[in-house]
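Enquirer: Contents of upload_15.cif (mmCIF, C-alpha atoms):
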data_run
#
loop_
_atom_site.label_atom_id
_atom_site.label_comp_id
_atom_site.auth_asym_id
_atom_site.auth_seq_id
_atom_site.Cartn_x
_atom_site.Cartn_y
_atom_site.Cartn_z
CA MET A 104 0.00 0.00 0.00
CA LYS A 105 2.66 2.45 1.06
CA SER A 106 4.75 1.93 -2.03
CA ARG A 107 1.70 2.48 -4.19
CA TYR A 108 1.13 5.88 -2.56
CA LEU A 109 4.77 6.69 -3.03
CA PHE A 110 4.52 5.76 -6.68
CA ALA A 111 1.42 7.89 -7.14
CA PHE A 112 3.16 10.79 -5.44
CA LEU A 113 6.25 10.46 -7.63
CA ALA A 114 4.14 10.14 -10.74
CA SER A 115 2.18 13.27 -9.92
CA ALA A 116 5.40 15.14 -9.10
CA LEU A 117 6.83 14.07 -12.43
CA ALA A 118 3.63 15.07 -14.21
CA THR A 119 3.76 18.49 -12.57
CA THR A 120 7.39 18.94 -13.58
CA LEU A 121 6.68 18.02 -17.17
CA ALA A 122 3.39 19.90 -17.36
CA GLY A 123 5.12 22.75 -19.18
CA CYS A 124 6.31 20.42 -21.91
CA VAL A 125 3.49 17.92 -22.50
CA THR A 126 -0.12 18.09 -23.70
CA LYS A 127 0.71 19.83 -26.96
CA PRO A 128 -1.74 20.58 -29.76
CA PRO A 129 -1.33 18.70 -33.07
CA PRO A 130 1.71 19.72 -35.13
CA TYR A 131 1.47 22.71 -37.48
CA ASP A 132 1.37 22.03 -41.22
CA TYR A 133 4.61 23.60 -42.42
CA SER A 134 4.43 22.45 -46.06
CA ALA A 135 3.85 25.97 -47.48
CA PHE A 136 6.49 27.45 -45.17
CA MET A 137 9.07 24.80 -46.12
CA GLN A 138 8.44 25.42 -49.79
CA ALA A 139 8.59 29.22 -49.57
CA LYS A 140 11.88 29.39 -47.59
CA PRO A 141 11.63 33.10 -46.75
CA ALA A 142 14.87 34.87 -45.75
CA THR A 143 13.78 38.50 -45.39
CA LEU A 144 10.77 39.65 -43.44
CA LEU A 145 8.88 42.92 -43.63
CA VAL A 146 7.07 43.47 -40.33
CA LEU A 147 4.12 45.73 -41.11
CA PRO A 148 2.84 48.20 -38.51
CA PRO A 149 0.54 46.21 -36.19
CA ILE A 150 -3.20 46.79 -36.36
CA SER A 151 -4.47 47.49 -32.86
CA GLU A 152 -7.73 46.82 -31.09
CA SER A 153 -6.40 48.52 -27.96
CA PRO A 154 -7.29 52.10 -27.05
CA ASP A 155 -3.64 52.62 -26.05
CA ILE A 156 -1.92 54.61 -28.84
CA LYS A 157 1.41 52.98 -27.91
CA ALA A 158 0.10 49.51 -28.81
CA THR A 159 1.16 49.78 -32.45
CA PRO A 160 4.67 51.25 -31.99
CA GLY A 161 5.35 49.16 -28.85
CA THR A 162 4.47 45.85 -30.46
CA TRP A 163 6.17 46.83 -33.72
CA ALA A 164 9.48 47.74 -32.08
CA GLN A 165 9.51 44.49 -30.08
CA ALA A 166 8.93 42.22 -33.08
CA THR A 167 12.37 42.49 -34.72
CA LYS A 168 14.41 40.79 -32.02
CA PRO A 169 12.65 37.39 -31.85
CA LEU A 170 12.43 37.19 -35.66
CA ALA A 171 16.07 38.19 -36.21
CA GLU A 172 17.21 35.72 -33.54
CA ALA A 173 15.12 33.12 -35.36
CA GLY A 174 17.44 33.64 -38.33
CA TYR A 175 15.66 36.18 -40.54
CA TYR A 176 16.69 39.51 -41.97
CA VAL A 177 14.09 41.91 -40.62
CA LEU A 178 13.69 45.26 -42.37
CA PRO A 179 14.38 48.15 -39.95
CA VAL A 180 10.97 49.22 -38.65
CA ALA A 181 11.73 52.93 -38.09
CA LEU A 182 12.86 53.23 -41.73
CA VAL A 183 9.85 51.27 -42.94
CA ASP A 184 7.67 53.68 -40.95
CA GLU A 185 9.30 56.66 -42.67
CA THR A 186 8.94 55.07 -46.08
CA PHE A 187 5.22 54.48 -45.51
CA LYS A 188 4.65 58.02 -44.25
CA GLN A 189 6.57 59.54 -47.17
CA ASN A 190 4.26 57.62 -49.49
CA GLY A 191 1.10 58.79 -47.76
CA VAL A 192 0.49 55.59 -45.80
CA ASN A 193 -0.26 56.86 -42.32
CA THR A 194 -2.04 54.07 -40.48
CA ALA A 195 -1.44 50.40 -39.77
CA ASP A 196 -4.74 49.51 -41.42
CA GLU A 197 -3.68 51.25 -44.63
CA ALA A 198 -0.26 49.58 -44.60
CA GLN A 199 -1.73 46.12 -44.05
CA GLY A 200 -4.21 46.76 -46.86
CA ILE A 201 -1.51 47.30 -49.52
CA PRO A 202 -1.50 44.49 -52.12
CA PHE A 203 1.27 41.98 -51.38
CA LYS A 204 2.83 42.34 -54.84
CA LYS A 205 3.32 46.05 -54.32
CA LEU A 206 4.99 45.42 -50.94
CA HIS A 207 7.28 42.88 -52.55
CA GLU A 208 8.19 45.27 -55.38
CA PHE A 209 9.06 48.10 -53.08
CA PHE A 210 10.71 46.41 -50.09
CA GLY A 211 12.08 43.29 -51.74
CA ALA A 212 11.10 41.16 -48.73
CA ASP A 213 10.18 37.50 -49.21
CA ALA A 214 7.38 37.56 -46.67
CA ALA A 215 5.45 40.04 -44.56
CA VAL A 216 4.48 39.70 -40.92
CA TYR A 217 0.95 40.96 -40.24
CA LEU A 218 0.54 41.66 -36.53
CA LYS A 219 -2.59 42.42 -34.57
CA VAL A 220 -2.57 43.72 -31.00
CA VAL A 221 -5.64 42.42 -29.19
CA LYS A 222 -4.78 43.81 -25.75
CA TYR A 223 -2.10 46.28 -24.67
CA GLY A 224 -1.82 48.15 -21.42
CA THR A 225 -2.63 48.20 -17.74
CA THR A 226 -6.13 47.84 -16.34
CA TYR A 227 -7.06 48.56 -12.74
CA LYS A 228 -9.58 46.41 -10.94
CA PHE A 229 -10.21 47.43 -7.33
CA VAL A 230 -6.78 47.20 -5.65
CA MET A 231 -5.31 44.94 -8.31
CA SER A 232 -3.79 46.04 -11.58
CA GLU A 233 -2.93 43.87 -14.55
CA THR A 234 -0.61 44.72 -17.42
CA ARG A 235 -1.43 42.53 -20.36
CA VAL A 236 -0.32 42.27 -23.97
CA GLU A 237 -2.06 39.91 -26.39
CA VAL A 238 -0.83 39.56 -29.95
CA GLU A 239 -1.60 37.63 -33.13
CA ALA A 240 0.54 37.16 -36.23
CA ARG A 241 0.28 35.94 -39.79
CA VAL A 242 3.28 35.42 -42.05
CA VAL A 243 2.35 35.82 -45.71
CA ASP A 244 4.59 35.08 -48.70
CA LEU A 245 4.90 38.31 -50.69
CA ARG A 246 5.68 36.46 -53.93
CA SER A 247 2.59 34.24 -53.89
CA GLY A 248 0.29 35.80 -51.30
CA GLN A 249 0.13 32.44 -49.55
CA LEU A 250 -0.26 32.19 -45.77
CA LEU A 251 2.85 30.50 -44.38
CA TRP A 252 2.23 30.58 -40.65
CA GLU A 253 -0.04 32.03 -38.00
CA GLY A 254 0.07 32.12 -34.25
CA LYS A 255 -0.75 34.09 -31.14
CA ALA A 256 0.47 34.65 -27.60
CA PHE A 257 0.03 36.82 -24.55
CA ALA A 258 2.00 37.99 -21.54
CA SER A 259 0.50 39.26 -18.32
CA SER A 260 1.67 40.64 -15.00
CA ALA A 261 -0.85 38.29 -13.37
CA GLU A 262 1.47 35.41 -14.26
CA GLN A 263 4.04 36.48 -11.70
CA GLN A 264 1.87 35.23 -8.87
CA GLN A 265 1.73 31.75 -10.34
CA GLN A 266 5.41 31.80 -11.19
CA ALA A 267 6.35 32.92 -7.68
CA GLN A 268 5.16 29.53 -6.48
CA GLY A 269 7.53 27.90 -8.94
CA GLY A 270 10.78 28.34 -7.02
CA LEU A 271 13.76 30.59 -7.44
CA VAL A 272 13.25 31.47 -11.09
CA GLY A 273 9.68 32.52 -10.38
CA LEU A 274 10.81 34.73 -7.53
CA LEU A 275 13.46 36.37 -9.68
CA VAL A 276 10.92 36.98 -12.43
CA THR A 277 8.60 38.55 -9.89
CA ALA A 278 11.36 40.80 -8.59
CA LEU A 279 12.37 41.88 -12.07
CA VAL A 280 8.81 42.53 -13.14
CA GLN A 281 8.29 44.66 -10.04
CA GLN A 282 11.49 46.51 -10.82
CA ILE A 283 10.29 47.20 -14.34
CA ALA A 284 6.83 48.22 -13.17
CA GLY A 285 8.45 50.54 -10.65
CA THR A 286 10.76 52.31 -13.10
CA ALA A 287 8.94 52.30 -16.42
CA THR A 288 5.92 54.38 -17.15
CA ASP A 289 4.92 52.12 -20.01
CA ALA A 290 5.10 48.65 -18.47
CA ALA A 291 3.21 47.22 -21.43
CA PHE A 292 6.29 47.75 -23.64
CA SER A 293 8.13 45.11 -21.57
CA TYR A 294 5.23 42.70 -21.77
CA ALA A 295 5.10 43.24 -25.54
CA ALA A 296 8.65 41.85 -25.67
CA ILE A 297 7.60 38.74 -23.74
CA ALA A 298 4.42 38.20 -25.77
CA ASN A 299 6.32 38.61 -29.05
CA GLU A 300 9.08 36.26 -27.91
CA ARG A 301 6.45 33.65 -27.02
CA MET A 302 4.77 34.11 -30.39
CA LEU A 303 7.64 34.76 -32.83
CA GLY A 304 10.64 33.21 -31.07
CA SER A 305 12.48 30.08 -32.21
CA PRO A 306 12.55 27.21 -31.60
CA LEU A 307 8.93 27.04 -30.44
CA TYR A 308 6.66 24.06 -30.91
CA ASN A 309 4.30 25.03 -33.77
CA GLY A 310 6.18 28.34 -33.95
CA ILE A 311 7.86 30.07 -36.85
CA LEU A 312 10.48 27.91 -38.58
CA ALA A 313 14.09 29.01 -38.11
CA GLY A 314 15.40 31.20 -40.93
CA PRO A 315 18.61 30.88 -43.00
CA ARG A 316 20.79 32.75 -40.48
CA SER A 317 19.89 30.39 -37.63
CA PRO A 318 21.88 27.22 -36.84
CA LEU A 319 18.47 25.55 -36.50
CA HIS A 320 17.50 26.36 -40.11
CA GLY A 321 15.83 23.43 -41.83
CA GLN A 322 14.68 21.78 -38.61
CA ILE A 323 11.06 21.53 -37.54
CA PRO A 324 10.76 22.33 -33.83
CA THR A 325 9.78 19.17 -31.98
CA ASP A 326 7.33 18.96 -29.10
CA LYS A 327 10.41 19.11 -26.86
CA ALA A 328 10.78 22.78 -27.78
CA ARG A 329 8.93 25.43 -25.82
CA MET B 228 19.94 56.26 -16.67
CA LYS B 229 16.44 55.02 -16.09
CA GLY B 230 15.98 53.81 -19.65
CA SER B 231 19.05 51.63 -19.68
CA ARG B 232 18.24 50.16 -16.28
CA VAL B 233 14.82 49.19 -17.50
CA ALA B 234 16.35 47.79 -20.64
CA SER B 235 18.85 45.67 -18.75
CA ALA B 236 16.15 44.47 -16.36
CA LEU B 237 14.07 43.57 -19.35
CA GLY B 238 17.01 41.79 -20.94
CA GLY B 239 17.53 39.81 -17.75
CA LEU B 240 13.86 38.99 -17.59
CA THR B 241 13.84 37.72 -21.16
CA VAL B 242 16.85 35.52 -20.45
CA LEU B 243 15.17 34.12 -17.34
CA LEU B 244 11.94 33.40 -19.18
CA VAL B 245 13.84 31.67 -21.92
CA PHE B 246 15.72 29.44 -19.50
CA ALA B 247 12.66 28.83 -17.36
CA GLY B 248 11.07 26.76 -20.12
CA CYS B 249 12.25 23.39 -21.26
CA ALA B 250 13.86 24.67 -24.43
CA GLN B 251 17.07 23.74 -26.13
CA ARG B 252 18.69 27.07 -26.76
CA THR B 253 21.38 28.46 -29.00
CA PRO B 254 23.47 31.53 -28.06
CA PRO B 255 22.11 34.88 -29.37
CA LEU B 256 23.09 35.79 -32.92
CA TYR B 257 23.36 39.53 -32.23
CA MET B 258 24.20 42.05 -29.54
CA TRP B 259 20.89 43.84 -28.95
CA GLU B 260 21.45 46.13 -25.96
CA ALA B 261 18.61 48.69 -26.06
CA PHE B 262 18.13 48.68 -29.83
CA PRO B 263 14.40 47.73 -29.66
CA ARG B 264 13.81 50.64 -27.29
CA HIS B 265 15.73 52.99 -29.57
CA GLN B 266 13.53 51.93 -32.48
CA TYR B 267 10.47 52.44 -30.27
CA GLU B 268 11.60 55.96 -29.33
CA VAL B 269 11.85 56.90 -32.99
CA LEU B 270 8.41 55.43 -33.72
CA VAL B 271 6.75 57.36 -30.89
CA ARG B 272 8.88 60.49 -31.49
CA ALA B 273 10.18 60.32 -27.92
CA GLY B 274 13.64 59.89 -26.48
CA GLY B 275 16.48 62.34 -26.84
CA SER B 276 17.58 64.52 -29.74
CA VAL B 277 18.84 62.94 -32.94
CA ASP B 278 22.42 63.67 -31.86
CA GLU B 279 21.89 61.88 -28.54
CA GLN B 280 20.37 58.91 -30.34
CA ILE B 281 23.35 58.77 -32.70
CA LEU B 282 25.77 58.81 -29.76
CA LYS B 283 23.95 55.91 -28.08
CA LEU B 284 24.01 53.80 -31.23
CA GLU B 285 27.65 54.63 -31.95
CA ALA B 286 28.52 53.53 -28.39
CA HIS B 287 26.56 50.31 -28.96
CA ALA B 288 28.46 49.71 -32.22
CA GLU B 289 31.80 50.27 -30.44
CA LYS B 290 30.81 47.81 -27.70
CA ALA B 291 29.84 45.18 -30.25
CA LYS B 292 33.11 45.70 -32.11
CA ALA B 293 35.13 45.30 -28.90
CA ALA B 294 33.23 42.11 -28.04
CA ASN B 295 33.49 40.86 -31.62
CA ALA B 296 29.69 40.52 -31.63
CA ALA B 297 27.40 41.07 -34.59
CA LEU B 298 25.03 44.05 -34.75
CA PRO B 299 21.34 43.23 -35.29
CA PRO B 300 19.73 43.40 -38.74
CA GLY B 301 18.68 46.97 -39.48
CA PHE B 302 21.01 48.53 -36.91
CA LEU B 303 23.36 50.19 -39.40
CA ALA B 304 20.42 51.23 -41.60
CA HIS B 305 18.73 52.79 -38.56
CA LEU B 306 21.91 54.67 -37.71
CA GLY B 307 22.11 55.90 -41.31
CA MET B 308 18.55 57.20 -41.02
CA LEU B 309 19.46 59.08 -37.83
CA TYR B 310 22.42 60.69 -39.62
CA LEU B 311 20.15 61.72 -42.49
CA ASN B 312 17.72 63.26 -40.00
CA ALA B 313 20.68 65.14 -38.52
CA GLY B 314 21.45 66.51 -41.99
CA ASN B 315 24.42 64.27 -42.80
CA ALA B 316 23.54 62.57 -46.09
CA ASP B 317 27.10 61.29 -46.62
CA LYS B 318 26.96 59.30 -43.40
CA ALA B 319 23.52 57.96 -44.31
CA HIS B 320 24.96 56.79 -47.63
CA GLU B 321 27.91 55.15 -45.85
CA PHE B 322 25.75 53.29 -43.31
CA TRP B 323 23.16 52.11 -45.83
CA LEU B 324 25.99 50.64 -47.90
CA ALA B 325 27.36 49.06 -44.71
CA GLU B 326 23.93 47.52 -44.01
CA LYS B 327 23.98 46.02 -47.52
CA GLN B 328 27.42 44.61 -46.91
CA SER B 329 26.49 43.08 -43.53
CA PHE B 330 23.14 41.78 -44.79
CA PRO B 331 23.02 41.35 -48.58
CA GLU B 332 19.31 40.45 -48.17
CA SER B 333 18.70 44.13 -47.40
CA SER B 334 19.91 45.21 -50.87
CA PRO B 335 16.54 45.78 -52.60
CA TYR B 336 15.33 48.08 -49.83
CA MET B 337 18.69 49.79 -49.26
CA ASP B 338 18.97 50.42 -53.01
CA GLN B 339 15.57 52.13 -52.94
CA LEU B 340 16.70 54.34 -50.07
CA LEU B 341 20.04 55.12 -51.72
CA LYS B 342 18.31 55.95 -54.99
CA ARG B 343 16.12 58.48 -53.21
CA LEU B 344 19.13 59.88 -51.41
CA ASN B 345 21.00 60.58 -54.66
CA PRO B 346 18.39 60.78 -57.40
CA PRO B 347 19.99 60.52 -60.85
CA ALA B 348 20.00 63.89 -62.62
CA THR B 349 17.67 62.69 -65.38
CA THR B 350 14.88 61.51 -63.09
CA ALA B 351 15.31 64.08 -60.35
CA LYS B 352 12.68 66.35 -61.89
CA THR B 353 9.96 63.75 -62.22
CA GLU B 354 10.49 61.73 -59.05
CA SER B 355 9.25 63.00 -55.76
CA PRO B 356 11.98 63.31 -53.13
CA ALA B 357 10.18 60.67 -51.03
#
Starting from the file, lay out its structure as C-alpha cells.
Expert:
Amino acid sequence: MKSRYLFAFLASALATTLAGCVTKPPPYDYSAFMQAKPATLLVLPPISESPDIKATPGTWAQATKPLAEAGYYVLPVALVDETFKQNGVNTADEAQGIPFKKLHEFFGADAAVYLKVVKYGTTYKFVMSETRVEVEARVVDLRSGQLLWEGKAFASSAEQQQQAQGGLVGLLVTALVQQIAGTATDAAFSYAAIANERMLGSPLYNGILAGPRSPLHGQIPTDKAR
Amino acid sequence: MKGSRVASALGGLTVLLVFAGCAQRTPPLYMWEAFPRHQYEVLVRAGGSVDEQILKLEAHAEKAKAANAALPPGFLAHLGMLYLNAGNADKAHEFWLAEKQSFPESSPYMDQLLKRLNPPATTAKTESPA
C-alpha cells in the first residue's frame, strides 16, 4: 500500500514537472512554409484593437528581435515607418491593406508579418492592476500571397503570482517585473517583448520555422521545444 | 539612466523566461542592448535629440566591435537614417551601404533608399523626393 502511494506521489510530481512540456496541440502544417523558404521579413505596422496609442509602436518595435534571432533579416521598422509616411500611408490599417505584390516590389522582402494587437496596457480592478499584452501574427509570402504561418500569444503581469510559487526562477521573475513596473511608465512595452518572444521566437513548438541565419535552419521544432 | 536600467532588467527577464522553459537554446546571434527601445523611441517620437540617439548607437556599435559581436539586422540602416535626419547625407549613404554589406538580403530596400538619397539627374525632376 505504502509503495503504491509513493509511486502515485512520484508520478504526480513528475507530471507536474513536465506539465510545461506535455499536452501539446497537433503539429502545425509547415508544407507551405518549407516550400517558400523566406529569408527577409517585412514586419508591417501592427493593427491594434487597444485604445492605447502605444500599442502599435510598442508591439512593432519588439517584433524584430525574436524574428532576427530566429534567423531572418528583418527590415528596420523605423525606416519602414518613414517610407510608408513619405508615401502617404499613415495608419497600420492602410499599410496592411496594400497588395502583397506592391509590398514585394518596393521592399524586396520575401514575406510580410501581419501583426494584430488584441490587448495592450494596464487595467485597474479594485486594488489589483494587470498589465497585459495579447498579440496575433500571420506570415504571408509576398511572392505568392500564400499564408505560411499564423500564431498568437500573450503575456500578463498576473502570471508572476503563479510563477512565484515555482521556485527561485519565479521569484526572480517577480522581482524583475516589479522593478520594471516601478521604473517604467509604459510597463506594457516590456510585456510586448515577452508576448512577441512567445509568439515569434524560435525554436517554439508550432512556432515560426528558423530562418537561414539560424543554426536551426531546416529543422522543424519538436514537441520538446517550448 | 532610467531607460538603460529598465532595458537591462528587461534583458535579464527575457533571459530568465527563456531558460525557465524546457527549451534547447542556442546563443544569441546579435548584440541587442537597447536597440528595440531605440527603435520604439523613434516610432513614438520620444527619447532624446537625434544627436543623442546617434551617440547611443555609436557607443553600442563600439561595444559590439570590442566584443566581436554582430550588430542586429537593421542597426546600421537605422543609424544611417538618424544621420540623415541630422542633416548628414554622406553618413547615411555610408551606413546604408554598410547595411547592404552586412546583410546582402537588405539590398533591394537599401537600393531604394540610396536611390532616393542621390536621385539621378535625369529623373530628379519627375520623381518626388520621397
Enquirer: Restricting the calculation to only C-alpha atoms, which member of B:Asn295, B:Ser333, B:Gln328, B:Asn315 is positioned closest to chain A?
Expert: B:Ser333
Enquirer: Any chance you could resolve the PyMOL selection byres ((chain B and resi 309) around 8) against this file and give the residues as a ChimeraX atom specification?
Expert: /B:277,280-281,305-308,310-313,319
Enquirer: Please list as number ranges by chain every residue within 8 Å of segment 228-240 of chain A, counting only C-alpha atoms and excluding residues in the same chain fewer than 4 positions away.
Expert: A: 216-224, 253-261, 290-291, 294-295, 298-299, 302
Enquirer: Taking into account all atoms listed in the file, which residue in the set A:Arg301, A:Lys140, A:Lys204, A:Lys188 is nearest to Lys168 of chain A?
Expert: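 Of A:Arg301, A:Lys140, A:Lys204, A:Lys188, the one nearest Lys168 of chain A, counting all atoms listed in the file, is A:Arg301.
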Enquirer: I'd like to know which of B:Ala294, B:Leu270, B:Leu284, B:Glu260 is closest to chain A, using only C-alpha atoms.
Expert: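 Of the candidates, the smallest distance to chain A is held by B:Leu270.
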Enquirer: What does the PyMOL selection byres ((chain B and resi 265) around 10) select in this file, as JSON, numbers by chain?
Expert: {"A": [164, 181], "B": [230, 260, 261, 262, 263, 264, 266, 267, 268, 269, 270, 273, 274, 275, 280, 283, 284, 305]}
Enquirer: Could you please determine the separation between atom CA of Pro331 of chain B and atom CA of Ala142 of chain A in Å, to one decimal place?
Expert: 10.8 Å
Enquirer: Find the distance between atom CA of Val180 of chain A and atom CA of Phe302 of chain B and write it in Å to one decimal.
Expert: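 Value for the atom CA of Val180 of chain A-atom CA of Phe302 of chain B distance: 10.2 Å.
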Enquirer: For the structure provided, state which residues fall under the PyMOL selection byres ((chain B and resi 299) around 7), and present them as a ChimeraX atom specification.
Expert: /B:257-259,297-298,300-302
